[in-house]
file upload.tsv (TSV, C-alpha atoms)
chain	number	residue	atom	x	y	z
A	7	MET	CA	6.53	33.87	-57.26
A	8	GLN	CA	4.91	30.63	-56.12
A	9	PRO	CA	4.22	30.34	-52.42
A	10	VAL	CA	6.41	27.82	-50.60
A	11	THR	CA	4.49	24.91	-49.07
A	12	MET	CA	6.00	24.13	-45.70
A	13	THR	CA	6.03	20.53	-44.49
A	14	PRO	CA	4.79	20.35	-40.88
A	15	PRO	CA	7.57	19.58	-38.38
A	16	ARG	CA	7.97	15.83	-37.99
A	17	ASN	CA	7.20	15.97	-34.29
A	18	LYS	CA	3.77	17.49	-34.97
A	19	VAL	CA	2.67	14.77	-37.40
A	20	ASP	CA	1.12	11.68	-35.80
A	21	SER	CA	0.87	8.75	-38.22
A	22	PHE	CA	0.77	6.04	-35.56
A	23	GLU	CA	-0.30	2.53	-36.54
A	24	SER	CA	-0.87	0.11	-33.70
A	25	PRO	CA	1.16	-3.12	-33.73
A	26	ASP	CA	-1.10	-6.17	-33.30
A	27	PHE	CA	1.02	-9.17	-34.23
A	28	TYR	CA	-1.16	-11.70	-32.37
A	29	CYS	CA	-4.49	-10.28	-33.61
A	30	LEU	CA	-5.48	-9.12	-30.14
A	31	ASP	CA	-8.15	-6.90	-31.63
A	32	ASP	CA	-10.15	-10.10	-32.08
A	33	LEU	CA	-10.38	-10.29	-28.26
A	34	LEU	CA	-11.79	-6.78	-27.93
A	35	MET	CA	-15.46	-5.82	-27.96
A	36	ALA	CA	-16.76	-3.19	-30.36
A	37	GLU	CA	-17.06	-0.77	-27.43
A	38	HIS	CA	-13.36	-1.22	-26.61
A	39	LYS	CA	-12.34	-0.38	-30.17
A	40	LEU	CA	-14.59	2.69	-30.28
A	41	VAL	CA	-13.13	3.99	-27.03
A	42	ARG	CA	-9.58	3.38	-28.23
A	43	SER	CA	-10.25	5.06	-31.55
A	44	ALA	CA	-11.78	8.13	-29.93
A	45	VAL	CA	-8.87	8.60	-27.52
A	46	ARG	CA	-6.30	7.91	-30.26
A	47	ASP	CA	-7.87	10.62	-32.39
A	48	PHE	CA	-7.81	12.98	-29.40
A	49	VAL	CA	-4.11	12.32	-28.83
A	50	LYS	CA	-3.30	12.93	-32.49
A	51	ARG	CA	-5.33	16.15	-32.48
A	52	GLU	CA	-4.63	17.65	-29.06
A	53	ILE	CA	-1.44	16.15	-27.58
A	54	THR	CA	1.00	15.30	-30.39
A	55	PRO	CA	1.08	18.82	-31.92
A	56	ILE	CA	2.01	20.51	-28.62
A	57	ILE	CA	3.74	17.98	-26.37
A	58	GLU	CA	7.35	18.40	-27.51
A	59	GLU	CA	7.19	22.14	-26.98
A	60	GLN	CA	5.49	21.72	-23.59
A	61	ALA	CA	8.16	19.24	-22.52
A	62	GLN	CA	10.99	21.48	-23.73
A	63	LYS	CA	9.51	24.38	-21.75
A	64	ALA	CA	8.65	22.16	-18.77
A	65	GLU	CA	5.07	23.45	-18.84
A	66	PHE	CA	1.94	21.50	-17.96
A	67	PRO	CA	-0.74	22.00	-20.67
A	68	VAL	CA	-3.49	22.82	-18.19
A	69	GLN	CA	-5.84	23.62	-21.09
A	70	LEU	CA	-6.14	19.87	-21.70
A	71	VAL	CA	-7.84	19.22	-18.34
A	72	PRO	CA	-11.39	20.26	-19.40
A	73	LYS	CA	-10.80	18.55	-22.75
A	74	PHE	CA	-9.98	15.30	-20.96
A	75	GLY	CA	-13.24	15.73	-19.11
A	76	LYS	CA	-15.16	16.36	-22.29
A	77	ILE	CA	-14.01	13.16	-23.98
A	78	GLY	CA	-14.78	11.10	-20.88
A	79	VAL	CA	-11.38	9.89	-19.69
A	80	PHE	CA	-11.96	11.23	-16.17
A	81	GLY	CA	-14.11	8.85	-14.15
A	82	ALA	CA	-14.25	6.33	-16.99
A	83	THR	CA	-15.22	3.45	-14.69
A	84	ILE	CA	-17.37	5.51	-12.28
A	85	PRO	CA	-21.15	4.94	-12.67
A	86	ALA	CA	-22.91	7.32	-15.03
A	87	GLU	CA	-25.25	8.61	-12.31
A	88	LEU	CA	-22.20	10.12	-10.59
A	89	GLY	CA	-20.89	11.70	-13.77
A	90	GLY	CA	-18.66	8.82	-14.87
A	91	GLY	CA	-18.54	6.74	-18.02
A	92	GLY	CA	-19.57	3.38	-16.57
A	93	LEU	CA	-16.96	1.62	-18.73
A	94	ASP	CA	-15.13	-1.60	-18.00
A	95	GLN	CA	-11.50	-2.00	-17.02
A	96	ILE	CA	-10.22	-2.89	-20.51
A	97	SER	CA	-11.78	0.26	-21.98
A	98	TYR	CA	-10.06	2.25	-19.24
A	99	GLY	CA	-6.75	0.52	-19.90
A	100	LEU	CA	-6.95	1.24	-23.61
A	101	MET	CA	-7.62	4.90	-22.84
A	102	LEU	CA	-4.42	5.12	-20.82
A	103	GLN	CA	-2.46	3.19	-23.43
A	104	GLU	CA	-3.37	5.79	-26.02
A	105	ILE	CA	-2.77	8.78	-23.73
A	106	GLU	CA	0.69	7.59	-22.68
A	107	ARG	CA	1.51	6.96	-26.32
A	108	GLY	CA	1.21	10.74	-26.44
A	109	ASP	CA	3.07	11.38	-23.20
A	110	SER	CA	3.57	9.73	-19.80
A	111	GLY	CA	2.90	13.02	-18.04
A	112	MET	CA	-0.52	13.31	-19.63
A	113	ARG	CA	-1.34	9.76	-18.60
A	114	SER	CA	-0.10	10.56	-15.08
A	115	CYS	CA	-2.56	13.44	-14.88
A	116	VAL	CA	-5.43	11.20	-15.98
A	117	SER	CA	-4.35	8.28	-13.77
A	118	VAL	CA	-4.24	10.43	-10.65
A	119	GLN	CA	-7.63	11.96	-11.35
A	120	ASN	CA	-9.19	8.52	-11.89
A	121	SER	CA	-7.42	6.10	-9.59
A	122	LEU	CA	-6.16	8.28	-6.78
A	123	VAL	CA	-8.86	10.94	-6.49
A	124	MET	CA	-12.17	9.78	-7.95
A	125	TYR	CA	-11.73	6.11	-7.02
A	126	PRO	CA	-11.12	6.73	-3.28
A	127	ILE	CA	-14.00	9.21	-3.10
A	128	PHE	CA	-16.26	6.68	-4.83
A	129	THR	CA	-15.02	3.73	-2.75
A	130	PHE	CA	-14.50	5.29	0.68
A	131	GLY	CA	-16.48	8.54	0.55
A	132	SER	CA	-19.88	9.52	1.87
A	133	GLU	CA	-22.85	10.06	-0.44
A	134	GLU	CA	-22.50	13.80	0.11
A	135	GLN	CA	-18.82	13.71	-0.88
A	136	LYS	CA	-19.57	11.67	-4.00
A	137	LYS	CA	-22.27	14.08	-5.14
A	138	LYS	CA	-20.19	17.14	-4.32
A	139	TYR	CA	-16.92	16.17	-6.00
A	140	LEU	CA	-17.29	13.36	-8.53
A	141	PRO	CA	-19.37	15.16	-11.20
A	142	ARG	CA	-17.02	18.16	-11.22
A	143	LEU	CA	-13.91	15.97	-11.28
A	144	SER	CA	-15.41	13.97	-14.12
A	145	LYS	CA	-15.99	17.07	-16.23
A	146	GLY	CA	-12.51	18.42	-15.56
A	147	GLU	CA	-13.94	21.39	-13.68
A	148	PHE	CA	-11.89	20.20	-10.69
A	149	LEU	CA	-8.41	18.71	-10.83
A	150	GLY	CA	-7.33	16.53	-7.93
A	151	CYS	CA	-4.16	15.10	-6.43
A	152	PHE	CA	-3.20	12.33	-3.99
A	153	GLY	CA	-1.06	13.24	-0.99
A	154	LEU	CA	0.73	10.16	0.33
A	155	THR	CA	4.47	10.39	-0.42
A	156	GLU	CA	6.65	12.54	1.82
A	157	ALA	CA	10.24	13.71	1.50
A	158	ASN	CA	11.42	11.10	4.03
A	159	HIS	CA	8.82	8.42	3.31
A	160	GLY	CA	8.50	7.02	-0.22
A	161	SER	CA	8.57	3.22	-0.36
A	162	ASP	CA	7.57	3.18	3.33
A	163	PRO	CA	4.54	5.50	3.45
A	164	GLY	CA	3.48	4.07	6.80
A	165	GLY	CA	6.22	6.18	8.37
A	166	MET	CA	4.50	9.41	7.33
A	167	GLU	CA	4.82	12.42	9.60
A	168	THR	CA	1.85	14.48	8.35
A	169	ASN	CA	-0.70	14.51	11.14
A	170	PHE	CA	-3.98	15.98	12.32
A	171	ILE	CA	-5.60	16.68	15.66
A	172	GLU	CA	-9.34	16.53	16.24
A	173	ARG	CA	-11.06	19.70	17.39
A	174	SER	CA	-14.73	20.39	18.05
A	175	ASP	CA	-15.93	20.71	14.45
A	176	TYR	CA	-12.74	20.43	12.40
A	177	TYR	CA	-9.38	18.67	12.12
A	178	LEU	CA	-6.14	20.64	12.45
A	179	LEU	CA	-3.74	19.37	9.78
A	180	ASN	CA	0.05	19.84	9.70
A	181	GLY	CA	2.84	18.42	7.57
A	182	SER	CA	3.84	18.18	3.92
A	183	LYS	CA	3.76	15.86	0.92
A	184	LEU	CA	6.31	15.69	-1.91
A	185	TRP	CA	6.41	14.50	-5.55
A	186	ILE	CA	2.68	15.03	-5.94
A	187	THR	CA	1.39	14.81	-9.52
A	188	ASN	CA	-1.16	17.55	-10.34
A	189	GLY	CA	-0.36	19.19	-6.99
A	190	PRO	CA	0.42	22.74	-8.15
A	191	PHE	CA	-2.84	22.95	-10.14
A	192	ALA	CA	-5.10	20.80	-7.97
A	193	ASP	CA	-8.41	22.12	-6.68
A	194	ILE	CA	-8.61	19.33	-4.09
A	195	ALA	CA	-6.03	17.08	-2.46
A	196	LEU	CA	-6.72	13.71	-0.86
A	197	VAL	CA	-4.28	13.80	2.04
A	198	TRP	CA	-3.31	10.75	4.06
A	199	ALA	CA	-2.29	11.66	7.59
A	200	LYS	CA	-2.05	10.21	11.09
A	201	ASN	CA	-4.35	11.14	13.94
A	202	ASP	CA	-3.10	11.51	17.52
A	203	GLN	CA	-3.44	7.74	17.99
A	204	GLY	CA	-1.17	7.13	15.00
A	205	LYS	CA	-4.02	5.81	12.82
A	206	ILE	CA	-3.93	6.75	9.12
A	207	ARG	CA	-7.01	8.46	7.69
A	208	CYS	CA	-7.75	10.46	4.52
A	209	LEU	CA	-8.90	14.10	4.42
A	210	ILE	CA	-10.14	16.10	1.43
A	211	VAL	CA	-8.29	19.42	1.50
A	212	GLU	CA	-9.58	22.16	-0.79
A	213	ARG	CA	-7.52	24.88	-2.40
A	214	GLY	CA	-8.18	28.12	-0.59
A	215	MET	CA	-8.21	26.60	2.88
A	216	GLU	CA	-6.06	28.82	5.08
A	217	GLY	CA	-2.62	27.35	5.70
A	218	PHE	CA	-2.65	25.10	2.61
A	219	CYS	CA	-0.23	25.93	-0.19
A	220	THR	CA	1.46	24.14	-3.08
A	221	ASN	CA	4.86	24.54	-4.70
A	222	GLU	CA	6.11	23.38	-8.11
A	223	ILE	CA	9.18	21.10	-8.18
A	224	PRO	CA	11.60	22.67	-10.70
A	225	ASN	CA	14.44	21.33	-12.85
A	226	LYS	CA	13.04	17.87	-13.64
A	227	TRP	CA	14.71	15.89	-16.43
A	228	SER	CA	11.71	13.57	-16.60
A	229	LEU	CA	7.93	14.07	-16.89
A	230	ARG	CA	8.67	17.64	-17.88
A	231	ALA	CA	5.15	18.29	-19.20
A	232	SER	CA	3.64	16.95	-15.99
A	233	SER	CA	2.94	19.19	-13.01
A	234	THR	CA	4.72	17.82	-9.93
A	235	GLY	CA	4.78	19.59	-6.61
A	236	GLU	CA	4.83	19.82	-2.85
A	237	LEU	CA	1.78	20.16	-0.60
A	238	VAL	CA	2.32	22.11	2.63
A	239	PHE	CA	-0.14	22.20	5.54
A	240	GLN	CA	0.27	24.66	8.39
A	241	ASP	CA	-2.58	24.50	10.89
A	242	VAL	CA	-5.11	23.85	8.13
A	243	ARG	CA	-8.65	23.61	9.47
A	244	VAL	CA	-10.32	20.77	7.59
A	245	PRO	CA	-14.08	20.37	8.20
A	246	LYS	CA	-15.00	17.03	9.73
A	247	GLU	CA	-17.28	16.25	6.80
A	248	ASN	CA	-14.16	16.20	4.60
A	249	MET	CA	-12.84	12.97	6.08
A	250	LEU	CA	-13.44	9.89	3.92
A	251	PRO	CA	-15.56	7.84	6.37
A	252	GLU	CA	-14.62	4.40	5.03
A	253	ALA	CA	-10.86	4.92	4.53
A	254	PHE	CA	-9.00	3.24	7.38
A	255	GLY	CA	-5.27	2.69	7.50
A	256	LEU	CA	-2.59	2.27	4.89
A	257	LYS	CA	-4.46	-0.62	3.27
A	258	SER	CA	-7.03	1.85	1.91
A	259	ALA	CA	-4.31	4.01	0.36
A	260	LEU	CA	-2.63	0.93	-1.14
A	261	LYS	CA	-5.94	-0.17	-2.64
A	262	CYS	CA	-6.00	3.13	-4.51
A	263	LEU	CA	-2.41	2.59	-5.64
A	264	ASP	CA	-3.38	-0.78	-7.10
A	265	GLN	CA	-5.84	1.04	-9.34
A	266	ALA	CA	-3.10	3.42	-10.46
A	267	ARG	CA	-0.59	0.63	-11.06
A	268	TYR	CA	-3.07	-1.18	-13.27
A	269	GLY	CA	-3.35	1.93	-15.44
A	270	ILE	CA	0.43	2.32	-15.55
A	271	ALA	CA	0.78	-1.21	-16.94
A	272	TRP	CA	-1.41	-0.21	-19.89
A	273	GLY	CA	0.12	3.24	-20.23
A	274	SER	CA	3.73	2.10	-20.43
A	275	LEU	CA	2.65	-0.29	-23.18
A	276	GLY	CA	1.45	2.73	-25.15
A	277	ALA	CA	4.83	4.46	-24.80
A	278	ALA	CA	6.58	1.30	-26.01
A	279	MET	CA	4.26	0.98	-29.00
A	280	GLU	CA	4.98	4.56	-30.04
A	281	CYS	CA	8.76	4.09	-29.78
A	282	TYR	CA	8.59	0.87	-31.77
A	283	GLU	CA	6.50	2.37	-34.55
A	284	VAL	CA	8.73	5.43	-34.85
A	285	ALA	CA	11.82	3.20	-35.03
A	286	ARG	CA	10.24	0.86	-37.57
A	287	ARG	CA	9.28	3.69	-39.91
A	288	TYR	CA	12.65	5.39	-39.50
A	289	ALA	CA	14.52	2.16	-40.28
A	290	LEU	CA	12.59	1.81	-43.54
A	291	GLU	CA	13.31	5.41	-44.56
A	292	ARG	CA	16.90	5.86	-43.41
A	293	ILE	CA	19.38	4.97	-46.17
A	294	GLN	CA	22.95	3.91	-45.38
A	295	PHE	CA	25.32	2.00	-47.67
A	296	ASN	CA	22.75	2.49	-50.46
A	297	LYS	CA	19.92	0.65	-48.71
A	298	PRO	CA	17.50	1.18	-45.82
A	299	ILE	CA	18.94	0.31	-42.45
A	300	ALA	CA	15.89	-1.95	-41.95
A	301	SER	CA	17.67	-4.41	-44.24
A	302	PHE	CA	20.52	-4.95	-41.76
A	303	GLN	CA	20.42	-7.93	-39.42
A	304	LEU	CA	21.10	-6.05	-36.19
A	305	VAL	CA	18.30	-3.57	-36.87
A	306	GLN	CA	15.91	-6.42	-37.66
A	307	LYS	CA	16.98	-8.14	-34.44
A	308	LYS	CA	16.11	-5.03	-32.43
A	309	LEU	CA	12.73	-4.64	-34.15
A	310	ALA	CA	11.89	-8.33	-33.70
A	311	GLU	CA	12.73	-8.21	-29.99
A	312	MET	CA	10.76	-5.00	-29.54
A	313	LEU	CA	7.68	-6.48	-31.20
A	314	THR	CA	8.00	-9.65	-29.11
A	315	ASP	CA	8.16	-7.62	-25.91
A	316	ILE	CA	5.17	-5.51	-26.90
A	317	THR	CA	3.08	-8.55	-27.86
A	318	GLN	CA	3.79	-10.22	-24.51
A	319	ALA	CA	2.81	-7.02	-22.68
A	320	GLN	CA	-0.40	-6.71	-24.71
A	321	LEU	CA	-1.42	-10.21	-23.69
A	322	LEU	CA	-0.52	-9.48	-20.08
A	323	CYS	CA	-2.63	-6.31	-20.04
A	324	TRP	CA	-5.60	-7.97	-21.67
A	325	ARG	CA	-5.62	-10.86	-19.20
A	326	LEU	CA	-5.16	-8.54	-16.22
A	327	GLY	CA	-8.03	-6.41	-17.52
A	328	MET	CA	-10.26	-9.47	-17.66
A	329	LEU	CA	-9.33	-10.35	-14.09
A	330	LYS	CA	-10.08	-6.76	-13.03
A	331	ASN	CA	-13.46	-6.92	-14.72
A	332	GLU	CA	-14.22	-10.04	-12.65
A	333	ASP	CA	-12.81	-8.40	-9.49
A	334	LYS	CA	-10.24	-11.19	-9.24
A	335	ALA	CA	-6.97	-9.32	-9.82
A	336	THR	CA	-4.61	-9.48	-6.84
A	337	ASN	CA	-2.17	-6.77	-5.83
A	338	ALA	CA	0.73	-9.12	-6.71
A	339	GLN	CA	-0.68	-9.69	-10.20
A	340	ILE	CA	-0.97	-5.93	-10.68
A	341	SER	CA	2.59	-5.43	-9.39
A	342	LEU	CA	3.90	-8.02	-11.85
A	343	ALA	CA	2.27	-6.21	-14.77
A	344	LYS	CA	3.37	-2.75	-13.66
A	345	ARG	CA	7.01	-3.78	-13.16
A	346	ASN	CA	7.22	-5.98	-16.27
A	347	ASN	CA	5.66	-3.49	-18.66
A	348	ILE	CA	7.76	-0.54	-17.56
A	349	GLU	CA	10.95	-2.58	-17.80
A	350	MET	CA	9.80	-3.68	-21.25
A	351	ALA	CA	9.00	-0.13	-22.33
A	352	LEU	CA	12.40	1.15	-21.20
A	353	ARG	CA	14.09	-1.63	-23.17
A	354	VAL	CA	12.05	-0.82	-26.27
A	355	ALA	CA	12.73	2.92	-25.95
A	356	ARG	CA	16.48	2.32	-25.61
A	357	ASP	CA	16.56	0.06	-28.68
A	358	ALA	CA	14.51	2.63	-30.62
A	359	ARG	CA	16.98	5.34	-29.66
A	360	GLN	CA	19.82	3.16	-30.99
A	361	ILE	CA	18.02	2.63	-34.31
A	362	LEU	CA	17.54	6.37	-34.73
A	363	GLY	CA	21.17	7.09	-33.92
A	364	ALA	CA	21.81	10.78	-33.31
A	365	MET	CA	18.20	11.62	-34.22
A	366	GLY	CA	17.17	9.51	-31.24
A	367	ILE	CA	18.05	12.33	-28.86
A	368	SER	CA	16.40	15.04	-30.97
A	369	GLY	CA	13.06	16.61	-30.11
A	370	GLU	CA	12.10	16.00	-33.72
A	371	TYR	CA	11.23	12.48	-32.54
A	372	PRO	CA	9.56	11.41	-29.26
A	373	ILE	CA	12.03	8.68	-28.28
A	374	MET	CA	14.19	10.51	-25.73
A	375	ARG	CA	11.15	12.19	-24.15
A	376	HIS	CA	9.54	8.78	-23.64
A	377	LEU	CA	12.79	7.32	-22.34
A	378	MET	CA	13.23	10.09	-19.78
A	379	ASN	CA	9.58	9.86	-18.73
A	380	LEU	CA	9.72	6.10	-18.26
A	381	GLU	CA	12.62	6.47	-15.85
A	382	SER	CA	10.17	8.18	-13.49
A	383	VAL	CA	7.32	5.80	-14.23
A	384	SER	CA	9.68	3.00	-13.16
A	385	THR	CA	9.89	4.41	-9.63
A	386	TYR	CA	6.55	6.03	-8.87
A	387	GLU	CA	3.54	4.10	-7.53
A	388	GLY	CA	6.08	1.58	-6.19
A	389	THR	CA	9.61	1.17	-7.44
A	390	HIS	CA	10.83	-1.64	-9.69
A	391	ASP	CA	12.48	-3.34	-6.70
A	392	ILE	CA	9.51	-2.94	-4.35
A	393	HIS	CA	7.24	-4.61	-6.92
A	394	LEU	CA	9.72	-7.48	-7.16
A	395	LEU	CA	9.45	-7.87	-3.38
A	396	ILE	CA	5.64	-7.72	-3.48
A	397	LEU	CA	5.75	-10.58	-5.96
A	398	GLY	CA	8.36	-12.37	-3.83
A	399	ALA	CA	6.09	-12.14	-0.79
A	400	ALA	CA	3.23	-13.63	-2.84
A	401	ILE	CA	5.48	-16.51	-3.91
A	402	THR	CA	7.04	-17.31	-0.54
A	403	GLY	CA	4.61	-15.89	2.00
A	404	ILE	CA	7.53	-13.92	3.48
A	405	PRO	CA	7.46	-10.09	3.09
A	406	ALA	CA	11.13	-9.20	2.73
A	407	TYR	CA	10.44	-5.43	2.93
A	408	LYS	CA	9.35	-5.62	6.58
call {"tool": "encode", "arguments": {"input": "upload.tsv", "output": "structure tokens"}}
result
Amino acid sequence: MQPVTMTPPRNKVDSFESPDFYCLDDLLMAEHKLVRSAVRDFVKREITPIIEEQAQKAEFPVQLVPKFGKIGVFGATIPAELGGGGLDQISYGLMLQEIERGDSGMRSCVSVQNSLVMYPIFTFGSEEQKKKYLPRLSKGEFLGCFGLTEANHGSDPGGMETNFIERSDYYLLNGSKLWITNGPFADIALVWAKNDQGKIRCLIVERGMEGFCTNEIPNKWSLRASSTGELVFQDVRVPKENMLPEAFGLKSALKCLDQARYGIAWGSLGAAMECYEVARRYALERIQFNKPIASFQLVQKKLAEMLTDITQAQLLCWRLGMLKNEDKATNAQISLAKRNNIEMALRVARDARQILGAMGISGEYPIMRHLMNLESVSTYEGTHDIHLLILGAAITGIPAYK
């Protein structure tokens, strides 16, 4: 009897081809293409084969953390002497585009490590803090998280209740943070809290400090492969050397969030590209009324609009990356890209789900997973509406959210 050759499940085969309708590759340097290729290969090898199962089980693939470190996606823009990659902002954006093509939760993990943990230590930390933490974070030996959001303070983080009191040689920290990506697995947490004068500062809290614990948030319908949790501080003694010396006020925290939002703009583009490519291939293979559904006008309309949206977002990301490289990107420009690209990706994912019909909700394809994930991406690091108001304030000079 001849052995039966089993075809690998469709959701474990990654045959992605990147759409590039406006020949944007011509704008990229050879280094950018090498970085993108390396991360794309990593996603095809390490993320695609496992991500549907991890999402179905709502389990964070913690084994990927040291692998992310090994391929250099942690600390990509940090100088090499501190363990980073020394890459430019477009290389970093392309990394996140490819990782979120695999899964938004995986990109969230990488974004937090880069923009919300390593960046603030590099930007606001002491030399001792940089040398102590950055190399280990870069290698994936440490995983970090960013403690800003609280249960009662999301879009208005300045109202935070977490606080600390200065003692002789330590700070006494109390409070909690909620919806914290990487929190349940984090080795260190960058916690934003108010002192007894109401001034916001940032403390590095290490796992194992007495009174510090983390809890996993259960029953999520979105970002199911991402680890999201609560940070709780009960009389935690934080050594004074663990305060970031140059981080003052909410403006420092928001500067970190700008870094994260930049990465989200690129990442959501990757999710949209994946949904588009899956829908395009499916439309060419799916036969109805004796011909592929790609031959029908309404399907072609959806595909044409999807490609148009993606091409616009690609141009937006590239230009924003150039501005970031020149240190000219404003927070309003970053907000525009973050809001626009997530809205675009949601639209593309919904059209892709329509093209796939019933198969659009099946785990055999990634569409519904991306669609559910993007619903969270739309609200974290600043909601869709808050980013509209940030842009409105830039246009009019009047901040409507105050």
call {"tool": "closest_residue", "arguments": {"input": "upload.tsv", "among": "A:Gly214, A:Pro163, A:Gly153, A:Pro67", "to": "A:Leu256", "atoms": "all atoms listed in the file"}}
result
A:Pro163
call {"tool": "closest_residue", "arguments": {"input": "upload.tsv", "among": "A:Asn120, A:Ser110, A:Ser97, A:Ser24", "to": "A:Ala231", "atoms": "all atoms listed in the file"}}
result
A:Ser110
call {"tool": "residues_near_point", "arguments": {"input": "upload.tsv", "point": "(14.8, 19.7, -15.4)", "cutoff": "10 Å", "atoms": "only C-alpha atoms", "output": "mmCIF file with C-alpha atoms, keeping the file's coordinate frame"}}
result
data_model
loop_
_atom_site.group_PDB
_atom_site.id
_atom_site.type_symbol
_atom_site.label_atom_id
_atom_site.label_comp_id
_atom_site.auth_asym_id
_atom_site.auth_seq_id
_atom_site.Cartn_x
_atom_site.Cartn_y
_atom_site.Cartn_z
ATOM 1 C CA ALA A 61 8.160 19.240 -22.520
ATOM 2 C CA GLN A 62 10.990 21.480 -23.730
ATOM 3 C CA LYS A 63 9.510 24.380 -21.750
ATOM 4 C CA ALA A 64 8.650 22.160 -18.770
ATOM 5 C CA ILE A 223 9.180 21.100 -8.180
ATOM 6 C CA PRO A 224 11.600 22.670 -10.700
ATOM 7 C CA ASN A 225 14.440 21.330 -12.850
ATOM 8 C CA LYS A 226 13.040 17.870 -13.640
ATOM 9 C CA TRP A 227 14.710 15.890 -16.430
ATOM 10 C CA SER A 228 11.710 13.570 -16.600
ATOM 11 C CA LEU A 229 7.930 14.070 -16.890
ATOM 12 C CA ARG A 230 8.670 17.640 -17.880
#
call {"tool": "residues_near_point", "arguments": {"input": "upload.tsv", "point": "(-10.2, 7.4, 7.1)", "cutoff": "10 Å", "atoms": "all atoms listed in the file", "output": "CSV table (one decimal) with C-alpha atoms, keeping the file's coordinate frame"}}
result
chain,number,residue,atom,x,y,z
A,130,PHE,CA,-14.5,5.3,0.7
A,131,GLY,CA,-16.5,8.5,0.6
A,198,TRP,CA,-3.3,10.8,4.1
A,199,ALA,CA,-2.3,11.7,7.6
A,200,LYS,CA,-2.0,10.2,11.1
A,201,ASN,CA,-4.4,11.1,13.9
A,205,LYS,CA,-4.0,5.8,12.8
A,206,ILE,CA,-3.9,6.8,9.1
A,207,ARG,CA,-7.0,8.5,7.7
A,208,CYS,CA,-7.8,10.5,4.5
A,209,LEU,CA,-8.9,14.1,4.4
A,248,ASN,CA,-14.2,16.2,4.6
A,249,MET,CA,-12.8,13.0,6.1
A,250,LEU,CA,-13.4,9.9,3.9
A,251,PRO,CA,-15.6,7.8,6.4
A,252,GLU,CA,-14.6,4.4,5.0
A,253,ALA,CA,-10.9,4.9,4.5
A,254,PHE,CA,-9.0,3.2,7.4
A,255,GLY,CA,-5.3,2.7,7.5
A,256,LEU,CA,-2.6,2.3,4.9
A,258,SER,CA,-7.0,1.8,1.9
A,259,ALA,CA,-4.3,4.0,0.4
call {"tool": "residues_around", "arguments": {"input": "upload.tsv", "residues": "A:Asp193", "least_positions_apart": "3", "cutoff": "10 Å", "atoms": "all atoms listed in the file", "output": "NGL selection string"}}
result
:A and (143 or 147-151 or 188-190 or 211-214)
call {"tool": "closest_residue", "arguments": {"input": "upload.tsv", "among": "A:Ala335, A:Pro372, A:Leu140, A:Met124", "to": "A:Ile56", "atoms": "all atoms listed in the file"}}
result
A:Pro372
call {"tool": "residues_around", "arguments": {"input": "upload.tsv", "residues": "A:Pro85", "least_positions_apart": "4", "cutoff": "12 Å", "atoms": "all atoms listed in the file", "output": "ChimeraX atom specification"}}
result
/A:80-81,89-94,124-125,128-129,136-137,140-141,144
call {"tool": "residues_around", "arguments": {"input": "upload.tsv", "residues": "A:Phe152", "least_positions_apart": "3", "cutoff": "9 Å", "atoms": "only C-alpha atoms", "output": "PyMOL selection string"}}
result
chain A and resi 118-119+122-123+155+186-189+194-198
call {"tool": "closest_residue", "arguments": {"input": "upload.tsv", "among": "A:Gly111, A:Pro298, A:Leu275, A:Val116", "to": "A:Gly78", "atoms": "all atoms listed in the file"}}
result
A:Val116
call {"tool": "closest_residue", "arguments": {"input": "upload.tsv", "among": "A:Gly160, A:Pro245, A:Gly369, A:Gly327", "to": "A:Tyr268", "atoms": "only C-alpha atoms"}}
result
A:Gly327
call {"tool": "closest_residue", "arguments": {"input": "upload.tsv", "among": "A:Ile401, A:Val49, A:Leu321, A:Ile84", "to": "A:Ser21", "atoms": "all atoms listed in the file"}}
result
A:Val49
call {"tool": "residues_around", "arguments": {"input": "upload.tsv", "residues": "A:Asp26", "least_positions_apart": "5", "cutoff": "12 Å", "atoms": "all atoms listed in the file", "output": "list in words"}}
result
Asp31, Asp32, Leu33, Leu34, Met279, Glu283, Leu313, Thr314, Asp315, Ile316, Thr317, Gln318, Ala319, Gln320 and Leu321 of chain A
call {"tool": "atom_distance", "arguments": {"input": "upload.tsv", "atom1": "atom CA of A:Leu102", "atom2": "atom CA of A:Thr220"}}
result
26.7 Å
call {"tool": "residues_around", "arguments": {"input": "upload.tsv", "residues": "A:Pro405", "least_positions_apart": "2", "cutoff": "12 Å", "atoms": "all atoms listed in the file", "output": "number ranges by chain"}}
result
A: 338, 392-403, 407-408
call {"tool": "atom_distance", "arguments": {"input": "upload.tsv", "atom1": "atom CA of A:Tyr177", "atom2": "atom CA of A:Pro126"}}
result
19.6 Å
call {"tool": "atom_distance", "arguments": {"input": "upload.tsv", "atom1": "atom CA of A:Ala358", "atom2": "atom CA of A:Trp272"}}
result
19.4 Å
